[in-house]
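Let me begin by presenting the structure, written as structure tokens, before commenting on it.
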Amino acid sequence: MDTLQAIFTRRSIRKYTEEPVTQDTVHLLLRAAMVAPSAADQRPWHFVVVRNRDKLQAMGRRMEGCEMLQTAAVGLLVCGDESLEKIKGFWVQDCSACTLTILLAAHARGLGAVWVALYPLEERMRVVREELGIPDNIIPFALVSMGHPDEHLPGEDRFDASRVHREHW
Ligand SMILES: Cc1cc2nc3c(=O)[nH]c(=O)nc-3n(C[C@H](O)[C@H](O)[C@H](O)COP(=O)(O)O)c2cc1C
């Protein structure tokens with residue numbers, strides 16, 4: 001799948017089959033995550049790979065609107081580490097670029113995935129900290145829920161000319 005095809009056909013997938021995701025694929029996704037752009041190449045991130053179904057299901061139960069974790073094969077937690085910042089304040093953009101890179105790479109590999117928001121939702125962050133033992137100085141930013149897709153959503157054309165301003169507003 002080429003890059004544009006991946007961009008235009010990616011959708012948030014929240015239902016997964018029982019088929020496991022291989023270690024090689026998870027490793028590929030981590031490599032993709034770590035090659036994402038970041039301010040001053042500061043890479044202020046850490047990752048937690050969660051394959052334990054009990055843990056995934058516990059988080060799915062405890063966080064409202066996170067039922068997709070009940071059938072996820074893998075949860076890839078993206079964390080921010082402000083102590084790694086060279087330019088203060090950019091860790092959110094950096095972790096966002098990283099999370100989108102994971103979503104696109106997962107889709108290109110035939111997996112279904114969805115960005116589960118953690119930061120800045122205090123309650124979800126608290127649950128993930130408790131379930132995964134995240135230290136206080138590390139910020140649980142987003143959990144990418146993924147697995148082999150058990151739903152297929154079509155790509156959408158969302159181009160909206162009213163949001164485009166040319167040369168000046
Ligand atoms: C910052 C961010 C947070 C999101 N959080 C959640 C979430 O907590 N739960 C969820 O089901 N989807 C979440 N999504 C996925 C969006 O709902 C989804 O991208 C949007 O509805 C567009 O659908 P699409 O991804 O299929 O194109 C999030 C997406 C982004 C970018």
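Labels for the structure tokens follow display order: chains A, B, ..., residues from 1 in each chain, ligands from 1.
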
Would you mind listing the residues within 10 Å of ligand 1, counting only C-alpha atoms and all ligand atoms, as a PyMOL selection string?
chain A and resi 7-14+63-69+96+99-100+103+113-121+124+141-145+153-158

Excluding Arg43 (chain A) and residues on its chain fewer than 5 positions from it, collect all residues at most 12 Å away from it, counting only C-alpha atoms, and give them as a compact mmCIF listing (two decimals) with C-alpha atoms, in the first residue's frame.
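Below you can see out_22.txt, which holds the result:
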```txt
# COMPACT_ATOMS: atom_id res chain seq x y z
CA ALA A 33 6.55 5.27 15.86
CA MET A 34 10.13 6.18 16.64
CA VAL A 35 10.84 7.55 13.17
CA ALA A 36 7.97 10.07 13.45
CA PRO A 37 8.94 13.74 13.24
CA SER A 38 9.42 15.63 16.51
CA VAL A 78 2.28 6.24 23.78
CA CYS A 79 3.65 8.18 26.75
CA GLY A 80 5.15 11.66 26.93
CA ASP A 81 8.31 12.43 28.90
CA GLU A 82 8.74 16.17 29.45
CA SER A 83 12.26 15.64 30.79
CA LEU A 84 13.32 14.67 27.25
CA GLU A 85 12.12 17.95 25.74
CA LYS A 86 14.71 20.27 24.24
CA ILE A 87 12.02 22.86 23.48
CA PHE A 90 6.11 20.48 22.12
CA TRP A 91 5.65 17.02 23.59
CA VAL A 92 1.92 16.92 22.71
CA GLN A 93 2.56 17.64 19.03
CA ASP A 94 5.42 15.14 19.03
CA CYS A 95 3.34 12.38 20.60
CA SER A 96 0.46 13.18 18.23
CA ALA A 97 2.69 12.82 15.16
CA CYS A 98 3.98 9.58 16.63
```

Quick one: DSSP helix (DSSP H, G or I) residues in region 48-120 of chain A, as a ChimeraX atom specification?
/A:53-62,67-70,82-84,91-108

Just N, CA and C atoms for this one: save the residues we selected as a short mmCIF file (atom, residue, chain, number, x, y, z; two decimals), in the first residue's frame.
```cif
data_model
loop_
_atom_site.label_atom_id
_atom_site.label_comp_id
_atom_site.auth_asym_id
_atom_site.auth_seq_id
_atom_site.Cartn_x
_atom_site.Cartn_y
_atom_site.Cartn_z
N ARG A 53 -4.58 -9.82 27.82
CA ARG A 53 -6.02 -9.57 27.58
C ARG A 53 -6.73 -9.10 28.84
N ASP A 54 -6.30 -9.63 29.98
CA ASP A 54 -6.93 -9.21 31.24
C ASP A 54 -6.72 -7.71 31.47
N LYS A 55 -5.48 -7.26 31.19
CA LYS A 55 -5.18 -5.83 31.37
C LYS A 55 -5.98 -4.98 30.39
N LEU A 56 -5.98 -5.41 29.12
CA LEU A 56 -6.71 -4.64 28.11
C LEU A 56 -8.19 -4.56 28.47
N GLN A 57 -8.73 -5.69 28.91
CA GLN A 57 -10.16 -5.72 29.24
C GLN A 57 -10.45 -4.91 30.50
N ALA A 58 -9.52 -4.95 31.45
CA ALA A 58 -9.72 -4.16 32.68
C ALA A 58 -9.78 -2.67 32.33
N MET A 59 -8.86 -2.23 31.45
CA MET A 59 -8.88 -0.81 31.05
C MET A 59 -10.16 -0.50 30.28
N GLY A 60 -10.56 -1.44 29.42
CA GLY A 60 -11.79 -1.26 28.66
C GLY A 60 -13.01 -1.14 29.56
N ARG A 61 -13.02 -1.90 30.64
CA ARG A 61 -14.14 -1.86 31.59
C ARG A 61 -14.14 -0.56 32.39
N ARG A 62 -12.93 -0.14 32.77
CA ARG A 62 -12.84 1.00 33.70
C ARG A 62 -12.94 2.36 33.01
N GLU A 67 -14.84 0.37 24.91
CA GLU A 67 -15.21 -1.04 24.75
C GLU A 67 -14.32 -1.76 23.73
N MET A 68 -13.72 -1.01 22.79
CA MET A 68 -12.88 -1.63 21.77
C MET A 68 -11.72 -2.41 22.40
N LEU A 69 -11.33 -2.03 23.62
CA LEU A 69 -10.21 -2.72 24.27
C LEU A 69 -10.59 -4.14 24.68
N GLN A 70 -11.88 -4.44 24.71
CA GLN A 70 -12.32 -5.79 25.07
C GLN A 70 -11.85 -6.83 24.07
N GLU A 82 8.33 14.75 29.57
CA GLU A 82 8.74 16.17 29.45
C GLU A 82 10.22 16.38 29.75
N SER A 83 10.84 15.46 30.48
CA SER A 83 12.26 15.64 30.79
C SER A 83 13.13 15.45 29.55
N LEU A 84 12.56 14.88 28.48
CA LEU A 84 13.32 14.67 27.25
C LEU A 84 13.17 15.84 26.27
N TRP A 91 5.80 18.46 23.47
CA TRP A 91 5.65 17.02 23.59
C TRP A 91 4.30 16.52 23.07
N VAL A 92 3.25 17.36 23.18
CA VAL A 92 1.92 16.92 22.71
C VAL A 92 1.92 16.76 21.19
N GLN A 93 2.48 17.76 20.49
CA GLN A 93 2.56 17.64 19.03
C GLN A 93 3.41 16.43 18.64
N ASP A 94 4.52 16.25 19.34
CA ASP A 94 5.42 15.14 19.03
C ASP A 94 4.71 13.79 19.21
N CYS A 95 4.03 13.65 20.34
CA CYS A 95 3.34 12.38 20.60
C CYS A 95 2.16 12.19 19.65
N SER A 96 1.56 13.29 19.20
CA SER A 96 0.46 13.18 18.23
C SER A 96 0.99 12.68 16.88
N ALA A 97 2.10 13.26 16.43
CA ALA A 97 2.69 12.82 15.16
C ALA A 97 3.07 11.34 15.25
N CYS A 98 3.57 10.96 16.39
CA CYS A 98 3.98 9.58 16.63
C CYS A 98 2.76 8.65 16.61
N THR A 99 1.68 9.07 17.24
CA THR A 99 0.48 8.23 17.30
C THR A 99 -0.13 8.05 15.91
N LEU A 100 -0.17 9.12 15.15
CA LEU A 100 -0.71 9.01 13.79
C LEU A 100 0.17 8.10 12.93
N THR A 101 1.46 8.18 13.13
CA THR A 101 2.37 7.31 12.37
C THR A 101 2.07 5.84 12.68
N ILE A 102 1.82 5.54 13.95
CA ILE A 102 1.47 4.16 14.33
C ILE A 102 0.17 3.74 13.64
N LEU A 103 -0.84 4.63 13.65
CA LEU A 103 -2.13 4.30 13.02
C LEU A 103 -1.95 3.98 11.54
N LEU A 104 -1.16 4.80 10.86
CA LEU A 104 -0.98 4.59 9.42
C LEU A 104 -0.18 3.32 9.14
N ALA A 105 0.83 3.09 9.95
CA ALA A 105 1.65 1.87 9.75
C ALA A 105 0.81 0.62 10.03
N ALA A 106 -0.02 0.69 11.07
CA ALA A 106 -0.88 -0.46 11.39
C ALA A 106 -1.83 -0.74 10.23
N HIS A 107 -2.41 0.32 9.70
CA HIS A 107 -3.34 0.16 8.57
C HIS A 107 -2.61 -0.41 7.36
N ALA A 108 -1.42 0.09 7.08
CA ALA A 108 -0.64 -0.40 5.93
C ALA A 108 -0.31 -1.87 6.08
#
```

Based on DSSP run over this structure's backbone, return all residues of region 94-137 of chain A in strand (DSSP E or B), as a ChimeraX atom specification.
/A:112-117

Could you write out the selected residues, including N, CA and C atoms, as a PDB file, in the first residue's frame?
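Heads up, here's the output in again_11.pdb:
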```
ATOM      1  N   GLY A 112      -6.386  -3.187  12.026  1.00  0.00           N
ATOM      2  CA  GLY A 112      -7.331  -2.132  12.331  1.00  0.00           C
ATOM      3  C   GLY A 112      -6.910  -1.499  13.653  1.00  0.00           C
ATOM      4  N   ALA A 113      -7.022  -0.183  13.746  1.00  0.00           N
ATOM      5  CA  ALA A 113      -6.552   0.491  14.964  1.00  0.00           C
ATOM      6  C   ALA A 113      -7.365   1.753  15.208  1.00  0.00           C
ATOM      7  N   VAL A 114      -7.365   2.167  16.454  1.00  0.00           N
ATOM      8  CA  VAL A 114      -8.024   3.442  16.808  1.00  0.00           C
ATOM      9  C   VAL A 114      -7.228   4.118  17.912  1.00  0.00           C
ATOM     10  N   TRP A 115      -7.179   5.433  17.827  1.00  0.00           N
ATOM     11  CA  TRP A 115      -6.533   6.296  18.839  1.00  0.00           C
ATOM     12  C   TRP A 115      -7.486   6.410  20.005  1.00  0.00           C
ATOM     13  N   VAL A 116      -7.115   5.907  21.166  1.00  0.00           N
ATOM     14  CA  VAL A 116      -7.917   6.076  22.374  1.00  0.00           C
ATOM     15  C   VAL A 116      -7.283   7.214  23.173  1.00  0.00           C
ATOM     16  N   ALA A 117      -8.024   8.305  23.312  1.00  0.00           N
ATOM     17  CA  ALA A 117      -7.491   9.487  23.983  1.00  0.00           C
ATOM     18  C   ALA A 117      -7.265   9.214  25.464  1.00  0.00           C
TER      19      ALA A 117
END
```

A:Asp160, A:Glu167, A:Glu151, A:Glu131: which is nearest Val50 (chain A), counting only C-alpha atoms?
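The shortest atom-to-atom distance to Val50 (chain A) comes from A:Glu131.
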
Between CA of His46 (chain A) and CA of Glu18 (chain A), measure the distance and give it in Å to one decimal.
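Computed distance, CA of His46 (chain A) to CA of Glu18 (chain A), equals 27.2 Å.
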
CA of Leu76 (chain A) and CA of Val128 (chain A), how far apart in Å?
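A separation of 11.8 Å between them.
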
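Here CA of Ala32 (chain A) and CA of Ala73 (chain A) stand 18.6 Å from one another.
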
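Closest approach to Arg126 (chain A) among A:Gly75, A:Gly89, A:Gly147, A:Pro140: A:Pro140, based on only C-alpha atoms.
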